[in-house]
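This report refers to the structure that appears directly beneath it.
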Amino acid sequence: MGWNERIARLNRRVMRPFEETEDAAYEHPAGTPFGSVRGVFDQEHQLLEVGGSVPISTPGAPMFDVLEDSLPPGYGQGDRVIVRATLYEVVDVQPDGQGIVSLILQEE
């Protein structure tokens, strides 16, 4: 078993206990459906400082964290994901270098 395969196997074990993992439909820009991917859907939060006062937490972009080996070849910006019956466009892709990718989403 090679190093990449070991990392992928470990990542699958790490993601397994998260209760909030869910399936999402994934498709390329041409409308070619890839199928289902499993991941963690989350809403990022940002702290904003207004006038040097106490920081305010505001919702940021929704994101979907998935195992990289579950994504289709050539995945990236412009792809579309349906999570919780809502259609999103992938506007940014942030791989962690260890086999997990954060897809930054924008509702269509």
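In the structure tokens, chains take the letters A, B, ... in the order shown, each chain's residues start at 1, and ligands count up from 1 in the order shown.
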
Can you pull out the residues contacting range 32-43 of chain A? Cut-off 6 Å, using only C-alpha atoms, and skip same-chain residues under 3 positions away; I want them as a tab-separated table (two decimals) with C-alpha atoms, in the first residue's frame.
chain	number	residue	atom	x	y	z
A	21	THR	CA	-21.82	14.11	6.66
A	22	GLU	CA	-24.28	14.01	3.82
A	23	ASP	CA	-24.57	13.18	0.17
A	24	ALA	CA	-24.49	15.85	-2.52
A	25	ALA	CA	-25.03	15.61	-6.28
A	26	TYR	CA	-21.96	16.83	-8.19
A	27	GLU	CA	-21.76	17.88	-11.84
A	28	HIS	CA	-19.24	19.46	-14.20
A	62	PRO	CA	-21.06	28.02	2.52
A	63	MET	CA	-18.54	25.23	2.07
A	64	PHE	CA	-18.55	21.50	1.47
A	65	ASP	CA	-15.55	19.47	2.68
A	66	VAL	CA	-14.99	16.23	0.76

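Straight-line separation from CA of Trp3 in chain A to CA of Gly97 in chain A: 13.0 Å.
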
What's the separation between CA of Glu89 in chain A and CA of Leu67 in chain A, in Å to one decimal place?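 Answer for the CA of Glu89 in chain A to CA of Leu67 in chain A separation: 18.1 Å.
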